[in-house]
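Peer 1: Next comes coords-v2.csv, CSV, C-alpha atoms:
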chain,number,residue,atom,x,y,z
A,30,MET,CA,9.0,19.5,15.9
A,31,ARG,CA,8.8,17.2,12.9
A,32,TYR,CA,8.0,13.6,13.5
A,33,ARG,CA,7.8,10.4,11.5
A,34,ALA,CA,6.2,7.1,12.4
A,35,ARG,CA,5.1,3.7,11.1
A,36,CYS,CA,1.4,3.3,10.9
A,37,GLU,CA,-0.6,0.0,10.9
A,38,TYR,CA,-4.3,-0.2,10.1
A,39,ASP,CA,-7.0,-2.6,9.2
A,40,GLY,CA,-8.5,-0.9,6.1
A,41,THR,CA,-11.8,-2.9,6.1
A,42,ASP,CA,-13.9,0.0,7.5
A,43,PHE,CA,-11.9,2.9,6.0
A,44,ALA,CA,-12.6,4.8,2.8
A,45,GLY,CA,-8.8,4.9,2.3
A,46,PHE,CA,-5.9,6.7,3.8
A,47,GLN,CA,-6.4,10.1,2.4
A,48,LEU,CA,-8.7,12.6,4.0
A,49,GLN,CA,-12.1,12.8,2.3
A,50,PRO,CA,-15.3,14.8,3.1
A,51,ASN,CA,-18.0,12.8,4.9
A,52,ALA,CA,-16.0,9.6,4.9
A,53,ARG,CA,-13.9,7.7,7.6
A,54,THR,CA,-10.3,7.7,6.6
A,55,VAL,CA,-7.0,6.8,8.3
A,56,GLN,CA,-5.6,10.3,7.9
A,57,GLY,CA,-8.8,11.6,9.5
A,58,GLU,CA,-8.5,9.4,12.5
A,59,LEU,CA,-4.8,10.3,13.0
A,60,GLU,CA,-5.5,14.0,12.7
A,61,THR,CA,-8.4,13.8,15.1
A,62,ALA,CA,-6.3,12.2,17.7
A,63,LEU,CA,-3.4,14.7,17.3
A,64,ALA,CA,-5.8,17.7,17.4
A,65,ARG,CA,-7.0,16.5,20.8
A,66,LEU,CA,-3.4,16.6,22.0
A,67,ALA,CA,-2.7,19.9,20.3
A,68,ARG,CA,-5.6,21.7,22.1
A,69,GLY,CA,-7.9,21.6,19.0
A,70,VAL,CA,-5.3,22.8,16.5
A,71,ARG,CA,-5.3,20.7,13.3
A,72,VAL,CA,-2.1,18.7,12.8
A,73,VAL,CA,-1.7,17.7,9.1
A,74,VAL,CA,-0.6,14.1,8.7
A,75,GLU,CA,1.1,13.1,5.5
A,76,GLY,CA,1.6,9.5,4.3
A,77,ALA,CA,4.0,7.7,2.0
A,78,GLY,CA,1.1,6.0,0.2
A,79,ARG,CA,-2.6,6.9,-0.4
A,80,THR,CA,-4.0,3.4,0.0
A,81,ASP,CA,-7.5,2.9,-1.4
A,82,ALA,CA,-10.7,1.9,0.4
A,83,GLY,CA,-10.4,-1.5,2.1
A,84,VAL,CA,-6.6,-1.7,1.7
A,85,HIS,CA,-4.6,-2.5,4.9
A,86,ALA,CA,-1.1,-1.5,6.0
A,87,VAL,CA,1.5,-2.7,8.5
A,88,GLY,CA,4.3,-0.4,7.2
A,89,GLN,CA,2.8,2.9,6.1
A,90,VAL,CA,5.0,5.8,6.9
A,91,ILE,CA,3.5,9.1,8.2
A,92,ALA,CA,4.9,12.5,9.1
A,93,PHE,CA,3.6,15.5,10.9
A,94,THR,CA,4.7,18.7,12.7
A,95,TYR,CA,3.5,18.8,16.3
A,96,GLU,CA,3.4,21.7,18.7
A,97,GLY,CA,1.1,20.2,21.3
A,98,ALA,CA,1.5,19.9,25.1
A,99,VAL,CA,2.5,16.2,25.2
A,100,PRO,CA,6.3,15.8,25.1
A,101,GLY,CA,7.9,13.7,22.3
A,102,PRO,CA,8.8,10.6,24.5
A,103,ARG,CA,5.2,10.2,25.5
A,104,LEU,CA,3.6,11.2,22.2
A,105,GLN,CA,3.3,7.8,20.6
A,106,ARG,CA,1.6,6.3,23.7
A,107,ALA,CA,-0.8,9.3,23.9
A,108,VAL,CA,-1.8,9.1,20.2
A,109,ASN,CA,-2.4,5.4,20.4
A,110,ALA,CA,-4.6,5.9,23.4
A,111,LEU,CA,-6.9,8.2,21.4
A,112,LEU,CA,-7.0,6.1,18.2
A,113,PRO,CA,-9.7,3.6,17.4
A,114,PRO,CA,-8.8,-0.2,17.5
A,115,ASP,CA,-8.2,-0.5,13.8
A,116,VAL,CA,-5.3,2.0,13.5
A,117,ALA,CA,-2.1,2.5,15.5
A,118,ILE,CA,1.4,4.1,15.2
A,119,ARG,CA,4.8,2.8,16.3
A,120,ASP,CA,8.5,3.7,15.9
A,121,LEU,CA,7.8,7.4,16.4
A,122,ARG,CA,10.9,9.5,16.0
A,123,ARG,CA,12.2,13.0,15.2
A,124,ALA,CA,12.5,13.8,11.5
A,125,PRO,CA,14.3,16.6,9.7
A,126,ASP,CA,12.3,19.8,8.9
A,127,GLY,CA,10.6,19.4,5.6
A,128,PHE,CA,10.6,15.6,5.7
A,129,HIS,CA,7.7,14.2,3.5
A,130,PRO,CA,7.4,10.5,3.3
A,131,ARG,CA,6.0,10.4,-0.2
A,132,TYR,CA,9.0,12.2,-1.6
A,133,ALA,CA,11.5,10.5,0.7
A,134,ALA,CA,10.4,6.9,-0.2
A,135,ARG,CA,12.9,4.9,-2.2
A,136,TYR,CA,10.4,2.1,-2.8
A,137,ARG,CA,7.2,0.6,-1.6
A,138,GLU,CA,6.2,-3.1,-1.1
A,139,TYR,CA,2.7,-4.5,-1.1
A,140,ARG,CA,1.6,-8.0,-0.4
A,141,TYR,CA,-1.6,-9.5,-1.8
A,142,THR,CA,-2.9,-12.6,0.1
A,143,VAL,CA,-5.0,-15.3,-1.4
A,144,TRP,CA,-6.7,-18.1,0.6
A,145,ASN,CA,-6.6,-21.0,-1.9
A,146,GLY,CA,-8.6,-23.4,0.2
A,147,PRO,CA,-12.0,-24.2,1.7
A,148,ARG,CA,-14.2,-21.2,2.7
A,149,SER,CA,-12.7,-19.5,5.8
A,150,PRO,CA,-14.6,-16.4,7.1
A,151,LEU,CA,-11.7,-15.4,9.4
A,152,ARG,CA,-8.9,-15.8,6.9
A,153,GLU,CA,-10.9,-14.2,4.1
A,154,ARG,CA,-11.4,-11.0,6.0
A,155,HIS,CA,-7.9,-10.0,4.9
A,156,ALA,CA,-7.5,-12.4,1.9
A,157,LEU,CA,-9.2,-13.2,-1.3
A,158,GLY,CA,-10.9,-16.7,-1.2
A,159,VAL,CA,-10.1,-18.7,-4.3
A,160,ARG,CA,-11.4,-22.3,-4.4
A,161,ALA,CA,-10.0,-23.6,-7.7
A,162,PRO,CA,-6.3,-24.7,-7.5
A,163,LEU,CA,-3.8,-22.1,-8.7
A,164,ASP,CA,-0.7,-22.8,-10.7
A,165,ILE,CA,1.8,-21.0,-8.6
A,166,VAL,CA,4.8,-21.8,-10.8
A,167,ALA,CA,3.1,-20.3,-13.8
A,168,MET,CA,2.1,-17.2,-11.8
A,169,ALA,CA,5.7,-16.7,-10.6
A,170,ARG,CA,7.0,-17.0,-14.1
A,171,ALA,CA,4.4,-14.5,-15.5
A,172,GLY,CA,5.1,-12.1,-12.7
A,173,GLN,CA,8.6,-11.6,-14.0
A,174,ALA,CA,7.1,-9.8,-17.1
A,175,PHE,CA,6.3,-6.8,-14.8
A,176,ILE,CA,9.9,-6.3,-13.6
A,177,GLY,CA,11.7,-3.3,-15.0
A,178,ARG,CA,10.7,0.2,-16.1
A,179,HIS,CA,7.5,0.2,-18.1
A,180,ASP,CA,4.6,2.3,-19.0
A,181,PHE,CA,1.9,0.8,-16.8
A,182,SER,CA,-1.1,2.6,-18.4
A,183,SER,CA,-2.7,-0.9,-18.9
A,184,PHE,CA,-2.6,-1.5,-15.1
A,185,GLY,CA,-3.5,1.6,-13.3
A,186,LYS,CA,-5.1,5.0,-13.3
A,187,VAL,CA,-2.9,8.0,-14.2
A,188,VAL,CA,-3.6,11.1,-12.0
A,189,GLY,CA,-3.6,14.4,-14.0
A,190,ASP,CA,-0.7,14.8,-16.4
A,191,ARG,CA,1.7,12.5,-14.4
A,192,SER,CA,3.7,9.8,-16.1
A,193,ALA,CA,2.5,6.2,-16.2
A,194,VAL,CA,6.0,5.0,-16.1
A,195,ARG,CA,7.0,3.0,-13.0
A,196,THR,CA,9.9,0.7,-12.1
A,197,VAL,CA,9.0,-2.6,-10.6
A,198,HIS,CA,11.9,-4.1,-8.7
A,199,ALA,CA,10.5,-7.5,-7.8
A,200,VAL,CA,7.4,-9.7,-8.0
A,201,ARG,CA,7.4,-12.8,-5.8
A,202,VAL,CA,4.7,-15.5,-5.7
A,203,GLY,CA,4.8,-18.0,-2.9
A,204,ARG,CA,2.6,-20.7,-1.2
A,205,ARG,CA,2.5,-22.1,2.3
A,206,GLY,CA,-0.3,-24.7,2.5
A,207,SER,CA,-3.4,-22.9,1.3
A,208,LEU,CA,-2.0,-19.5,1.7
A,209,VAL,CA,-0.8,-17.8,-1.5
A,210,THR,CA,1.1,-14.5,-1.4
A,211,ILE,CA,2.0,-12.1,-4.2
A,212,ASP,CA,4.6,-9.5,-3.2
A,213,VAL,CA,5.3,-6.5,-5.4
A,214,ARG,CA,8.0,-4.0,-4.9
A,215,ALA,CA,8.3,-0.8,-7.0
A,216,ASP,CA,9.5,2.8,-6.8
A,217,ALA,CA,5.8,3.8,-6.7
A,218,PHE,CA,2.4,2.6,-8.1
A,219,LEU,CA,-0.4,3.9,-10.2
A,220,ARG,CA,-3.9,4.0,-8.6
A,221,GLY,CA,-5.1,0.4,-8.5
A,222,MET,CA,-1.9,-1.0,-10.1
A,223,VAL,CA,-1.1,-3.8,-7.7
A,224,ARG,CA,-4.7,-5.2,-7.7
A,225,ARG,CA,-4.8,-5.1,-11.5
A,226,MET,CA,-1.5,-7.0,-11.6
A,227,VAL,CA,-2.9,-9.5,-9.2
A,228,ALA,CA,-6.0,-10.0,-11.2
A,229,ILE,CA,-3.9,-10.8,-14.3
A,230,LEU,CA,-1.7,-13.2,-12.3
A,231,LEU,CA,-4.8,-15.0,-11.0
A,232,GLU,CA,-5.9,-15.5,-14.7
A,233,VAL,CA,-2.5,-17.1,-15.3
A,234,GLY,CA,-3.0,-19.3,-12.2
A,235,HIS,CA,-6.3,-20.5,-13.6
A,236,GLY,CA,-4.7,-21.3,-16.9
A,237,ARG,CA,-6.5,-18.6,-18.9
A,238,MET,CA,-3.4,-16.5,-19.7
A,239,ASP,CA,0.4,-17.1,-20.0
A,240,GLU,CA,3.5,-15.0,-19.6
A,241,THR,CA,3.5,-14.0,-23.3
A,242,GLU,CA,0.0,-12.6,-23.0
A,243,VAL,CA,1.0,-10.7,-19.8
A,244,ARG,CA,3.8,-9.0,-21.7
A,245,ALA,CA,1.5,-8.2,-24.5
A,246,ALA,CA,-1.0,-6.7,-22.0
A,247,ILE,CA,1.7,-4.4,-20.5
A,248,ALA,CA,2.7,-3.2,-24.0
A,249,ALA,CA,-0.9,-2.7,-25.2
A,250,GLY,CA,-1.5,0.6,-23.3
A,251,THR,CA,-5.2,-0.2,-22.8
A,252,ALA,CA,-6.9,-1.5,-19.7
A,253,ALA,CA,-5.9,-5.2,-19.3
A,254,ARG,CA,-8.8,-7.5,-19.0
A,255,ASN,CA,-11.2,-4.5,-19.1
A,256,GLY,CA,-9.5,-3.1,-16.0
A,257,ALA,CA,-10.3,-6.1,-13.7
A,258,LYS,CA,-9.0,-5.6,-10.2
A,259,ALA,CA,-8.6,-8.1,-7.3
A,260,PRO,CA,-10.7,-7.1,-4.3
A,261,ALA,CA,-9.1,-4.6,-1.9
A,262,ARG,CA,-9.3,-6.8,1.2
A,263,GLY,CA,-6.3,-8.9,0.2
A,264,LEU,CA,-3.9,-6.0,-0.3
A,265,CYS,CA,-1.6,-4.7,2.4
A,266,LEU,CA,1.2,-2.1,2.3
A,267,ARG,CA,4.0,-4.0,4.0
A,268,HIS,CA,7.0,-1.7,3.8
A,269,VAL,CA,8.1,1.7,2.7
A,270,ALA,CA,11.9,2.2,2.4
A,271,ILE,CA,12.9,5.7,3.3
A,272,GLY,CA,16.0,7.3,1.8
A,273,ARG,CA,15.8,8.2,-1.8
A,274,ARG,CA,19.2,7.9,-3.4
A,275,PRO,CA,20.7,11.1,-4.8
A,276,GLY,CA,20.2,11.5,-8.5
A,277,THR,CA,17.1,9.2,-8.7
A,278,GLU,CA,13.9,10.5,-10.3
A,279,LEU,CA,11.5,12.0,-7.9
A,280,THR,CA,8.2,10.1,-7.9
A,281,THR,CA,5.3,11.7,-6.2
A,282,ASP,CA,2.8,8.9,-6.4
A,283,GLY,CA,2.4,6.3,-3.7
A,284,ASP,CA,-1.0,4.8,-4.3
A,285,ASP,CA,-1.9,1.1,-4.0
Using structure tokens, write down the structure that the file contains.
Peer 2:
Amino acid sequence: MRYRARCEYDGTDFAGFQLQPNARTVQGELETALARLARGVRVVVEGAGRTDAGVHAVGQVIAFTYEGAVPGPRLQRAVNALLPPDVAIRDLRRAPDGFHPRYAARYREYRYTVWNGPRSPLRERHALGVRAPLDIVAMARAGQAFIGRHDFSSFGKVVGDRSAVRTVHAVRVGRRGSLVTIDVRADAFLRGMVRRMVAILLEVGHGRMDETEVRAAIAAGTAARNGAKAPARGLCLRHVAIGRRPGTELTTDGDD
């Protein structure tokens, strides 16, 4: 039977989502747990996004085909009982045969969190600490430059011969007290794209760039600010919308 589920994880101690040799990954932990339930047979887990090392998720979507002994209604509880404390699944349900979350995703939404206040070890485990005041209004205005369909070669790594063109649906910058959030929604992302966008918006927040320069950086086609990226710990995959509309372009990337 084919199943899909939402997956949440604290990425701090992971080398990313995707399986890697000699490294701890989210996919690896999920497959280890499922193999125990399937009497040692590997159960391949596929994700909607291949988040990088240190990146978190509350809304990752996974899928797998399971032939183990534990029945479906108890499967979520059984998997969670075998997973380590920094990863869990929820909303487990049947999926159509052939369902693959990367290809079925309509869009993905990430949130980058900045703690714009005094040093806070607990908050800064999952947020970037920035002491100098940030101009949130300028950041929000500059963020609109990213919206639309663009070649994002300046803001991410292109894998193989794939296109660097992506459609960004929304960029929202908000503040609540010392907590600053940057939400980015797009059909898909290049490798490192969100963190490079955030790095540029932080430059705007510090008064070192403006909206015009951001638009020029997008058009340049060369690594913006020498490829500067905000640290992974502030990034979280919040939501993956499943249900690609008929006639829309198939995008196979889903990286952070």
Peer 1: Counting only C-alpha atoms, which of A:Gly234, A:Pro113, A:Gly40, A:Gly158 gets nearest to Arg170 of chain A?
Peer 2: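 So, comparing all the options, the nearest one is A:Gly234.
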Peer 1: Quick one: residues within 6 Å of Leu264 of chain A, all atoms listed in the file counted, chain neighbours fewer than 3 positions away excluded, as a PyMOL selection string?
Peer 2: chain A and resi 84+140-141+261
Peer 1: Go through segment 110-165 of chain A and flag each residue having an atom no more than 12 Å from segment 218-224 of chain A; for those, report the closest pair of atoms plus their distance in Å to one decimal, using all atoms listed in the file, ordered by chain and rising number, as CSV.
Peer 2:
residue,atom,partner,partner_atom,distance
A:Arg131,CA,A:Phe218,CA,11.7
A:Tyr136,CA,A:Phe218,CA,9.6
A:Arg137,CA,A:Phe218,CA,8.3
A:Glu138,CA,A:Phe218,CA,9.8
A:Tyr139,CA,A:Val223,CA,7.6
A:Arg140,CA,A:Val223,CA,8.8
A:Tyr141,CA,A:Arg224,CA,7.9
A:Thr142,CA,A:Arg224,CA,10.9
A:Val143,CA,A:Arg224,CA,11.9
A:Leu157,CA,A:Arg224,CA,11.2
Peer 1: Please report the interatomic distance between atom CA of Gly206 of chain A and atom CA of Val116 of chain A in Å with one decimal.
Peer 2: 29.3 Å
Peer 1: Neighbouring residues of segment 96-98 of chain A were defined as those with any atom within 12 Å, considering all atoms listed in the file; residues of the same chain fewer than 6 positions away were excluded. Please report them as a ChimeraX atom specification.
Peer 2: /A:30-32,62-73,104,107-108
Peer 1: Need the shell around segment 244-247 of chain A: protein/DNA/RNA residues with any atom at most 10 Å away, counting only C-alpha atoms. Skip same-chain ones fewer than 5 positions apart. Format as a PDB file with C-alpha atoms, in the frame of the given file?
Peer 2:
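Contents of part-v4.pdb, as written:
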ATOM      1  CA  ALA A 171       4.400 -14.500 -15.500  1.00  0.00           C
ATOM      2  CA  GLY A 172       5.100 -12.100 -12.700  1.00  0.00           C
ATOM      3  CA  GLN A 173       8.600 -11.600 -14.000  1.00  0.00           C
ATOM      4  CA  ALA A 174       7.100  -9.800 -17.100  1.00  0.00           C
ATOM      5  CA  PHE A 175       6.300  -6.800 -14.800  1.00  0.00           C
ATOM      6  CA  HIS A 179       7.500   0.200 -18.100  1.00  0.00           C
ATOM      7  CA  ASP A 180       4.600   2.300 -19.000  1.00  0.00           C
ATOM      8  CA  PHE A 181       1.900   0.800 -16.800  1.00  0.00           C
ATOM      9  CA  SER A 182      -1.100   2.600 -18.400  1.00  0.00           C
ATOM     10  CA  SER A 183      -2.700  -0.900 -18.900  1.00  0.00           C
ATOM     11  CA  PHE A 184      -2.600  -1.500 -15.100  1.00  0.00           C
ATOM     12  CA  MET A 226      -1.500  -7.000 -11.600  1.00  0.00           C
ATOM     13  CA  ILE A 229      -3.900 -10.800 -14.300  1.00  0.00           C
ATOM     14  CA  ASP A 239       0.400 -17.100 -20.000  1.00  0.00           C
ATOM     15  CA  ALA A 252      -6.900  -1.500 -19.700  1.00  0.00           C
ATOM     16  CA  ALA A 253      -5.900  -5.200 -19.300  1.00  0.00           C
ATOM     17  CA  ARG A 254      -8.800  -7.500 -19.000  1.00  0.00           C
TER      18      ARG A 254
END
Peer 1: What does the distance between atom CA of Gly101 of chain A and atom CA of Arg53 of chain A come to in Å, to one decimal place?
Peer 2: 27.0 Å
